[in-house]
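Trainee: One structure, pasted below without further comment.
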Amino acid sequence: MKHLLLGILVSNLPLSTQPIFPMQAIAERKKSQNIGEYLVYMYQMEDLIRSYQGNMEEIEQYVIFHYPVPDEEKESIKTWFAGLVTSMQQQELMQKGHLQELQELVQQLLELHYQLLKTDANYVATFHLVKPHLLEAVEAAQMEDLGNEIQICLNGIYGLLLCRLLGKKVTDRQLEAAEAFGNVLSHLNFSYQQRIFMTPN
């Protein structure tokens, strides 16, 4: 699992001809550009931390040390990870669950989702296509609480990413579901970013 999550980090790096940013800078860029991508990226960070049981010495040795940025930027990455570890420990998330900040963002997307269902015909049509996949996810969970529909979309995208990195076979139905989940999240992100842009500081 540790090697898998390291592979996730590499998959998020830009091409070698482009500058490589610290992980926290990548997270902030995703947050400002695509809130869905930001949430999935942070889920990756949570799982990475769990894979090392929150041990900062191991995270520094096996993750940060190998990240291709200058030493001073590695120090800033270390500080960022240490903050995440502390928050996860304080919120008792070392086994499962998501940081409060991330849960609040999902809740904002859920509220936006409900608003768009009342006001945006294009979104209604997009969400209509994802409904069968949401029902399939709930049925497959066998009574496990998957959270709200937006959380299920996010989990579906993250699950597909993990399957690909593990080399597991991905069915056409899984790809179809991921595309539908992605379309919903993309539409939500567009409206979310519009509202952030239009909100006075």
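Chain lettering (A, B, ...) mirrors the order of the structure tokens, residue numbering begins at 1 for each chain separately, and ligand numbering begins at 1 in order of display.
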For Asn122 of chain A, please output as number ranges by chain all residues within 12 Å (counting only C-alpha atoms; exclusion window: fewer than 6 positions along the same chain).
Mentor: A: 116, 128-129, 183-184, 187-188, 191
Trainee: Give me the residues near Ile157 of chain A as a list in words, where near means some atom within 8 Å (using only C-alpha atoms) and where sequence neighbours in that chain fewer than 3 positions away do not count.
Mentor: Val40, Cys153, Leu154, Leu160, Leu161, Ala178, Phe181 and Gly182 of chain A
Trainee: A:Thr126, A:Gly159, A:Tyr67, A:Gln103: which is nearest Leu175 of chain A, counting only C-alpha atoms?
Mentor: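 Nearest candidate to Leu175 of chain A out of A:Thr126, A:Gly159, A:Tyr67, A:Gln103: A:Gly159.
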Trainee: So that I can check the secondary structure, give me every residue of segment 6-149 of chain A assigned alpha helix (DSSP H) by backbone DSSP, as number ranges by chain.
Mentor: A: 6-11, 23-33, 35-51, 56-59, 71-90, 100-119, 121-141, 149
Trainee: One number please: atom CA of Val63 of chain A to atom CA of Tyr38 of chain A, in Å, one decimal.
Mentor: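 Atom CA of Tyr38 of chain A lies 19.6 Å from atom CA of Val63 of chain A.
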Trainee: Find the distance between atom CA of Ile150 of chain A and atom CA of Leu117 of chain A and write it in Å to one decimal.
Mentor: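 Taking atom CA of Ile150 of chain A and atom CA of Leu117 of chain A, their separation equals 13.0 Å.
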Trainee: Give me, please, the distance in Å between atom CA of Glu46 of chain A and atom CA of Asp145 of chain A, quoted to one decimal.
Mentor: 19.5 Å
Trainee: Using only C-alpha atoms, which protein or nucleic acid residues come within 10 Å of Ala27 of chain A? Drop anything in the same chain fewer than 2 positions from it, and give the result as a PyMOL selection string.
Mentor: chain A and resi 21-25+29-33+35+37-42+45
Trainee: For Gln95 of chain A, which of A:His113, A:Arg164, A:Lys74, A:Arg50 is the closest residue, counting only C-alpha atoms?
Mentor: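 The closest residue to Gln95 of chain A is A:Arg50.
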Trainee: Using only C-alpha atoms, pick whichever of A:Glu149, A:Glu136, A:Glu144, A:Glu60 has the shortest atom-to-atom distance to Arg173 of chain A.
Mentor: A:Glu136
Trainee: Kindly indicate which residue among A:Val106, A:Leu165, A:Val124, A:Ala177 lies nearest to Gly147 of chain A, using only C-alpha atoms for the distances.
Mentor: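 Ranked by minimum distance to Gly147 of chain A, first place goes to A:Val106.
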Trainee: Which residue out of A:Asn148, A:Asn55, A:Thr119, A:Gln108 has the minimum interatomic distance to Gly36 of chain A when only C-alpha atoms are used?
Mentor: A:Gln108
Trainee: Out of A:Lys118, A:Gln44, A:Ile49, A:Gly97, which residue has the shortest atom-to-atom distance to Tyr62 of chain A when counting only C-alpha atoms?
Mentor: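 Between A:Lys118, A:Gln44, A:Ile49, A:Gly97, the residue approaching Tyr62 of chain A most closely is A:Ile49.
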